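J.: Following this message is one structure expressed as structure tokens.
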Amino acid sequence: MDGRGITAATVNQPTHFMVDSRGQGEPSVIITAVNGDLVPVSISDRKNGIYRVEYTTKSLGDHKAVIKFHGQEIPNSPFNIKVYQVNQVKVRDMPVGMVGVSATFLVDASEAGSGNLEVSVNNGALPASAEALGGNRYAVSFTPLEAVSHRVELTFNGEPVPGSPFNIRVEKGARPAIDVSRVAVLGDAFGKVPVGKIVTFTVDPRDAGSADCAVIITSPAKQVVPCRVSKPSTGSKFYVEFMLTEVGEHTVVVRYGGQPVSGSPFICKAYDVQMVRVTDTAFATVGQQSSFLIDASNAGTGNLEIIISVAENMKIPNYVQNEGSARFRVSFKPVECRIHFISVKFNGIPVPGSPFRCDVVESSGILATGEGLRRNPVGKMAMFLIDPRGSSLHDIQVTCVAPSAQKVPLDISGTSKLKVEYMPGEVGVYKISILCAGRDVQGSPFLCQVYDSTRVKVSRIGPGTVGVPIRFQVDSSEAGEGSLSVDVSCKGRKVDPLVHQVGEGLYDVEFTPKESAPHVVEVSWNNELVRGHAFTCDVADGSKCIATGLGLVKTPIHELASFEIDPRGSASAEVDVIITSPTGRLVECQVYRSKSKLYRAEYRPGEVGSHKIDVTYNDVSIPGSPFIAEVYDFNRIKVLTIEDGVIGQPLGFRVDASQAGYGVVEPEVQVRGHDVPFRKVNEGNNVFTVNFTPQEPSVHQVFIKFNGHPLKGSPFNVTVREFAITQQQTHIGLMHEPGHIVASGKGLKGGRVGDHAWFVAELHGAEGQLETFITAPNGSHIAAKQLRQRDGDYKIDWTPTMPGRYQIDVMQNSRATMGSPFFAEVYDPSRVIIEDVTRAVIGQESGFRVVYKDAGRADLLVSITSPTNRNVPFAIHEGTGYHYITYLPQEAGKHRIIVTYGGDDVPRSPLTVSVEEAQVGMVMPTGDGLYRGQVEEEAHFVVHGLKEQPTVRVDGPNSIAKVNMRQESDQTWKVFYTPIETGIFQIKIFGNGREITGSPYHPTVTDPRRVKVVGGWHSIMDANNRLYLRVGEEKRIPFDISEAGPGEIMADVEGPHGQVAVTVERQSDTRRRVCFTPPAEGPYEVSLFWNKVPLPKSPMEGYASLSSPARSPVAPPRGSATRHITEMTTTSNRHVVGSEMSSRQEGSSRYIETSSRHIEGGTAKVILRGHGLQEARTKQDAEFVIDGSQCTSGKPVATLQSTSKSGLVIPVETEQIDNNVYRCVYTANTPGMHRSFLNSRASSFSWL
């Protein structure tokens, strides 16, 4: 992929990107806008497999680009394209800066679409920061350091915003420096603030210095709240005005001179007193406990003030009980029979209806008590008591009248007190009159509110989706007077609902689920559960769902197409599929649910063209929806003008697929079983011209497929003759030009390593010496045996020895024959590796990797068969040198996987994979960390199917790795560990109190850093830090792998003419040797791997020359020579080695030059080598190596001393790179002669 258009685009402007098909033909590209509309795309062939994709979009926001070859998405598809409009970026509040004081301005990109804002001050010389304010708005700040105009460049997705670059004037510090600690923010705007009212506060700079003031207010919904900042012409104070409209906490950022003032950000808690509800205040009885309810659940944060009074100066005590969710029950006991007034204030403001009137009846004389006088559910026996308190029971009369004016029968019993019961049968107010001697007692008539919670109507609740608000309605208009309460919980944890009264008895309720699990919703009316039970709302996580199958990509017309939707562990929910044809018609689609909890959608398209497939899960679109499926009709393809031809002359034919719908035309030309090169040219409108030049006089077969379907009549036969038949020829036959040599046969095309290959050279009377030269991929020559046949022609035999591309030169009299050189592709199926075979479970994606990078080029074929002999669909994901195969098994049992390369079975093929049933609660770990890891690098894997945190233990050979876990979703845990040693580890996983199936796992932990070159890396390098190489001379690199952990070395060598054969020899359990022979002069690149992980110095460069490479730098030039002394002390005696050194200057660079040799003494030898012993550039690191591998164990300490009068000592840092081999680094700051001492003291150079 190449081009800016694959990552970003400007609205209404053409943009493009390039696709390298790598021989796969024309790609399929679908770009979808944020609103689901398709963006028109134009694809043009730029030759050599490169295609240009151009498009123009009219919509802002993130777009998705899906790129496919032959129906399969390429890696990283779909691509995310940020579409923006840079001219919609607004910059305001540009300040006048002051030295040392932060300058701040605002950037508003809320209407510019998706993108990244970049800020550069003075070409990046001055740091700047951008603080996100929400809604794609930013506060940009920087602190100028000098009083000059500062250039501020702003780009959005790499494009300058309007007006950029901006020049900000910066003044000297003549004015007093800004001291924001002295700025005071005054006023009542912080804390509790009412909605709908203008709020003000003051910013008083006092003596902080003169600067601008900026205020940014953000609502709970992360929206910027408008505010006005003003400053009178006289005075230094700033006045801020704003109005809040949303209940909840708001943040207020106050900046002075671009710096936040003390206490910023401030918090405003917005409340709405109109949302407070007070009920049950109508009447009370003297001496009896009475209560009423206050509901402030939707009013925001605040304080309640409750006063119950009889007269102006007489207050009644009250008691408040918190019932949860900001609901309170207030109780009091009246002491006299007078009208009481209940005053309720919220944050000091009277609530709607306050003060409330409460009628208090006399408790002396006859006393009537009981809920049957106040509130009662319909259909449930109501009861109250009458205490005569000295009055005669015979003088007491009780009547009850229903809302319909009908008298209600009463059941009165008792001797000392009367118990009155009645059965209310309708909703409304019941009037209960109690008379004694014909007169109403205190409180009579009583009004009882009768309600019916069964008449409360609750709309459908859910199902819902994580993160998406679930809304439902409650209608209590026919249920009578009462109060509504709603409680929502998930797994025992409370979820806060929002209840809004939208009318008389009508409520809107909403809550936002955060977990994929059933939510319990309890709707109560007067504390009675509506319908007598709680509601259950299933909540799924649509973001986990995936849809797979060819039915989402392409399908033939009139045939049954299908695809599958996998909830991937999310809760059960409704799946809806809507398919729209190109003409806007709905296509019937059936959705089934299988036992494995997958959903299968089937449809049969009746039109050619793009079909839009919308897939929703709980009414929420799943990732990737809407999908675009291309419906095609391969019967509408026309193949024109396929005619016979003559060898050496181009042939062509046209394929018209303009009426067939979207698809890929796949031509193929063969003769005698091998492929013939051809060229396919797109003429536009899905019409193609196919050209090829035949080289053999034989019948050629033309195969044509469309989206993998062979066309009717395919293959088409084309007869190719040696020469055209003319009218002068008297017989039918093929003519051969005298002296014309023709080489043909499968041996020219390639074959399998080790197999006998051959081809024929037909002389046709040609005279002269025939020569055949065959060159292997590594440049070596392969023996070719020429056998003269009875007819005078030649048969050439040869046997390939390694995979790769061979060059075959067929020469006559030292001149190339027609078609020479030929190129043969040789493959080796034994080098194909099947690895990373994952555990297979019904309905869960499984896969394996097929690595063929070392096997040459051939056709890779895969087939997967279920236990019932059905072909299992699979997807191929291409990588560099490998394919990763994924499939979704639908049956339990043994599945047979066959992998062939060039038609031959590869090792492990056929492979049998046992697919397990997807059991409820099944625990399944996945991830690379179960199988491999590296020392001191974090490895991880994922455990699926556990609600509770699993117990994981990771044991090394001599250590226990620290384990960390993070919950990814409801039943998914990500496990991290960092090994500190190499070896085979053991991972035990426990869930639900027992070890899970498949545990323990045994990952292999390695450390590529500990793969060492015997003698050190410098021993194989020249002075230019390149490998020593010589043409035709085998290069041998010995490695010590004793500390690298389990594994093997792999090596790749790339030479000037391609890949070079390389072998890895096993010398012992701890030693390996990499060997290769450079076949030609030129640059080489050697890549080394340990268990497929590159070694620290890989890849390494080298240069092979025809003569021995110089292992030391060129001798220093003539000049003013001085003496350079190197002294060394070993355990046996003392050595002094002299060397000449001179200093020189080239331009502005200074050099120090020396030459030296290794040192011997007694039985010990210390070898010094490296560029730093011969030459060093001032103020740059220089290196050399001390090799004491032949001495007793020790460690060198190095110093370097100038021979000038200053006697400056230069420290030398040492680093061990092998056994008693050390790398030394120093930096000389002045040119001239330097000297190092080698003795037994740490102050000089010693071997300890």
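Just so we're on the same page: first chain in the structure tokens is A, next is B, and so on; residues restart at 1 for each chain, and ligands are numbered from 1 in the order they show up.
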List every residue of segment 609-648 of chain A that DSSP, applied to the backbone of this structure, assigns to strand (DSSP E), and report them as number ranges by chain.
T.: A: 609-617, 620-621, 627-632, 638-640, 645-646
J.: Find the spatial neighbours of Asn685 of chain A, counting only C-alpha atoms, within a cut-off of 10 Å - ignore same-chain residues fewer than 4 positions away - and output them as a list of chain:residue names.
T.: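 My reading of the contact set: A:Asp656, A:Ala657, A:Ser658, A:Gln659.
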J.: Would you work out the distance separating atom CA of Glu528 of chain A from atom CA of Ser453 of chain A, expressed in Å to one decimal?
T.: 6.9 Å
J.: In terms of the shortest atom-to-atom distance over only C-alpha atoms, which of A:Gln442, A:Thr1199, A:Asn116, A:Asn35 is closest to Thr155 of chain A?
T.: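 For Thr155 of chain A, the nearest of the given residues is A:Asn116.
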J.: Could you check how far atom CA of Val273 of chain A sits from atom CA of Ile316 of chain A, in Å to one decimal?
T.: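 The value is 24.1 Å.
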J.: Just want the 12 Å neighbourhood of Glu995 of chain A, counted on only C-alpha atoms, with same-chain residues fewer than 2 positions away dropped. Output as number ranges by chain.
T.: A: 923-924, 950-953, 987-993, 997-1001
J.: Since we have the selection now, will you write its residues out, keeping N, CA, C and O atoms, as a tab-separated table (two decimals), in the first residue's frame?
T.:
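Resulting contents of result.tsv:
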chain	number	residue	atom	x	y	z
A	923	VAL	N	-13.82	-22.98	29.33
A	923	VAL	CA	-12.70	-22.07	29.49
A	923	VAL	C	-11.67	-22.38	28.40
A	923	VAL	O	-11.29	-23.54	28.23
A	924	MET	N	-11.27	-21.34	27.67
A	924	MET	CA	-10.34	-21.57	26.58
A	924	MET	C	-9.29	-20.46	26.55
A	924	MET	O	-9.63	-19.30	26.37
A	950	PRO	N	-9.23	-15.79	36.94
A	950	PRO	CA	-8.55	-17.09	37.04
A	950	PRO	C	-7.31	-17.00	37.92
A	950	PRO	O	-6.80	-15.91	38.22
A	951	THR	N	-6.84	-18.15	38.34
A	951	THR	CA	-5.57	-18.25	39.05
A	951	THR	C	-4.53	-18.79	38.08
A	951	THR	O	-4.73	-19.86	37.49
A	952	VAL	N	-3.45	-18.06	37.89
A	952	VAL	CA	-2.42	-18.43	36.91
A	952	VAL	C	-1.07	-18.46	37.60
A	952	VAL	O	-0.72	-17.52	38.33
A	953	ARG	N	-0.32	-19.52	37.37
A	953	ARG	CA	1.04	-19.64	37.90
A	953	ARG	C	1.98	-19.95	36.75
A	953	ARG	O	1.72	-20.87	35.96
A	987	ILE	N	2.97	-23.22	32.55
A	987	ILE	CA	1.87	-22.32	32.88
A	987	ILE	C	0.67	-23.15	33.31
A	987	ILE	O	0.15	-23.96	32.54
A	988	LYS	N	0.25	-22.98	34.56
A	988	LYS	CA	-0.94	-23.64	35.07
A	988	LYS	C	-2.06	-22.61	35.24
A	988	LYS	O	-1.84	-21.54	35.81
A	989	ILE	N	-3.25	-22.97	34.73
A	989	ILE	CA	-4.39	-22.06	34.76
A	989	ILE	C	-5.53	-22.75	35.50
A	989	ILE	O	-5.91	-23.88	35.16
A	990	PHE	N	-6.06	-22.08	36.53
A	990	PHE	CA	-7.15	-22.62	37.32
A	990	PHE	C	-8.36	-21.69	37.20
A	990	PHE	O	-8.22	-20.46	37.26
A	991	GLY	N	-9.53	-22.28	37.02
A	991	GLY	CA	-10.76	-21.52	36.96
A	991	GLY	C	-11.89	-22.28	37.63
A	991	GLY	O	-11.98	-23.51	37.48
A	992	ASN	N	-12.71	-21.58	38.35
A	992	ASN	CA	-13.83	-22.20	39.06
A	992	ASN	C	-13.35	-23.30	40.01
A	992	ASN	O	-13.99	-24.34	40.16
A	993	GLY	N	-12.16	-23.07	40.60
A	993	GLY	CA	-11.68	-24.00	41.61
A	993	GLY	C	-10.95	-25.22	41.09
A	993	GLY	O	-10.58	-26.09	41.88
A	997	THR	N	-9.03	-27.49	31.22
A	997	THR	CA	-8.63	-28.47	30.21
A	997	THR	C	-7.48	-27.90	29.38
A	997	THR	O	-7.52	-26.77	28.93
A	998	GLY	N	-6.46	-28.71	29.16
A	998	GLY	CA	-5.29	-28.29	28.37
A	998	GLY	C	-4.13	-27.80	29.21
A	998	GLY	O	-3.00	-27.74	28.73
A	999	SER	N	-4.42	-27.41	30.47
A	999	SER	CA	-3.36	-26.96	31.37
A	999	SER	C	-2.64	-28.19	31.94
A	999	SER	O	-3.28	-29.21	32.20
A	1000	PRO	N	-1.29	-28.14	32.14
A	1000	PRO	CA	-0.41	-26.97	31.98
A	1000	PRO	C	0.06	-26.80	30.53
A	1000	PRO	O	0.10	-27.76	29.75
A	1001	TYR	N	0.46	-25.55	30.21
A	1001	TYR	CA	1.10	-25.23	28.94
A	1001	TYR	C	2.60	-25.05	29.17
A	1001	TYR	O	3.02	-24.72	30.29
J.: Which residues are near segment 405-415 of chain A? Cut-off 12 Å, only C-alpha atoms, ignore same chain within fewer than 4 positions. Put them as number ranges by chain.
T.: A: 372, 381-388, 392-394, 396-401, 419-426, 428-433
J.: With only C-alpha atoms as the counted atoms, please give the residues lying no more than 10 Å from Pro1046 of chain A, apart from itself and same-chain residues fewer than 5 positions off, as a ChimeraX atom specification.
T.: /A:982-984,1004-1007,1041,1090-1091
J.: List the neighbours of segment 871-884 of chain A out to 6 Å using only C-alpha atoms; skip same-chain residues closer than 5 positions along the sequence, and give me the result as a ChimeraX atom specification.
T.: /A:848-853,864-865
J.: Could those residues be written to a file, using N, CA, C and O atoms, as a JSON list (two decimals), in the first residue's frame?
T.:
[["chain", "number", "residue", "atom", "x", "y", "z"],
["A", 848, "PHE", "N", -4.16, -22.23, 11.46],
["A", 848, "PHE", "CA", -2.80, -22.74, 11.46],
["A", 848, "PHE", "C", -2.00, -21.95, 10.43],
["A", 848, "PHE", "O", -2.57, -21.26, 9.56],
["A", 849, "ARG", "N", -0.70, -22.03, 10.56],
["A", 849, "ARG", "CA", 0.21, -21.28, 9.68],
["A", 849, "ARG", "C", 0.95, -22.25, 8.78],
["A", 849, "ARG", "O", 1.43, -23.29, 9.23],
["A", 850, "VAL", "N", 1.06, -21.89, 7.49],
["A", 850, "VAL", "CA", 1.83, -22.66, 6.52],
["A", 850, "VAL", "C", 2.99, -21.77, 6.06],
["A", 850, "VAL", "O", 2.78, -20.74, 5.40],
["A", 851, "VAL", "N", 4.23, -22.13, 6.45],
["A", 851, "VAL", "CA", 5.41, -21.33, 6.12],
["A", 851, "VAL", "C", 6.11, -21.98, 4.92],
["A", 851, "VAL", "O", 6.49, -23.15, 4.97],
["A", 852, "TYR", "N", 6.28, -21.19, 3.85],
["A", 852, "TYR", "CA", 6.88, -21.73, 2.63],
["A", 852, "TYR", "C", 8.03, -20.85, 2.12],
["A", 852, "TYR", "O", 8.48, -21.03, 0.98],
["A", 853, "LYS", "N", 8.53, -19.94, 2.97],
["A", 853, "LYS", "CA", 9.52, -18.97, 2.48],
["A", 853, "LYS", "C", 10.81, -19.62, 2.00],
["A", 853, "LYS", "O", 11.51, -19.04, 1.17],
["A", 864, "ILE", "N", -10.07, -28.58, 3.74],
["A", 864, "ILE", "CA", -10.48, -28.98, 5.09],
["A", 864, "ILE", "C", -11.80, -29.72, 4.97],
["A", 864, "ILE", "O", -12.76, -29.20, 4.39],
["A", 865, "THR", "N", -11.83, -30.93, 5.49],
["A", 865, "THR", "CA", -13.02, -31.78, 5.38],
["A", 865, "THR", "C", -13.53, -32.13, 6.76],
["A", 865, "THR", "O", -12.76, -32.50, 7.66]]
J.: I'd like to know which of A:Lys795, A:Arg151, A:Arg169, A:His70 is closest to Leu748 of chain A, using only C-alpha atoms.
T.: A:Lys795
J.: Just to confirm, what's the straight-line distance from atom CA of Arg896 of chain A to atom CA of Ser909 of chain A in Å (one decimal)?
T.: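 Atom-to-atom, atom CA of Arg896 of chain A and atom CA of Ser909 of chain A are spaced 9.0 Å apart.
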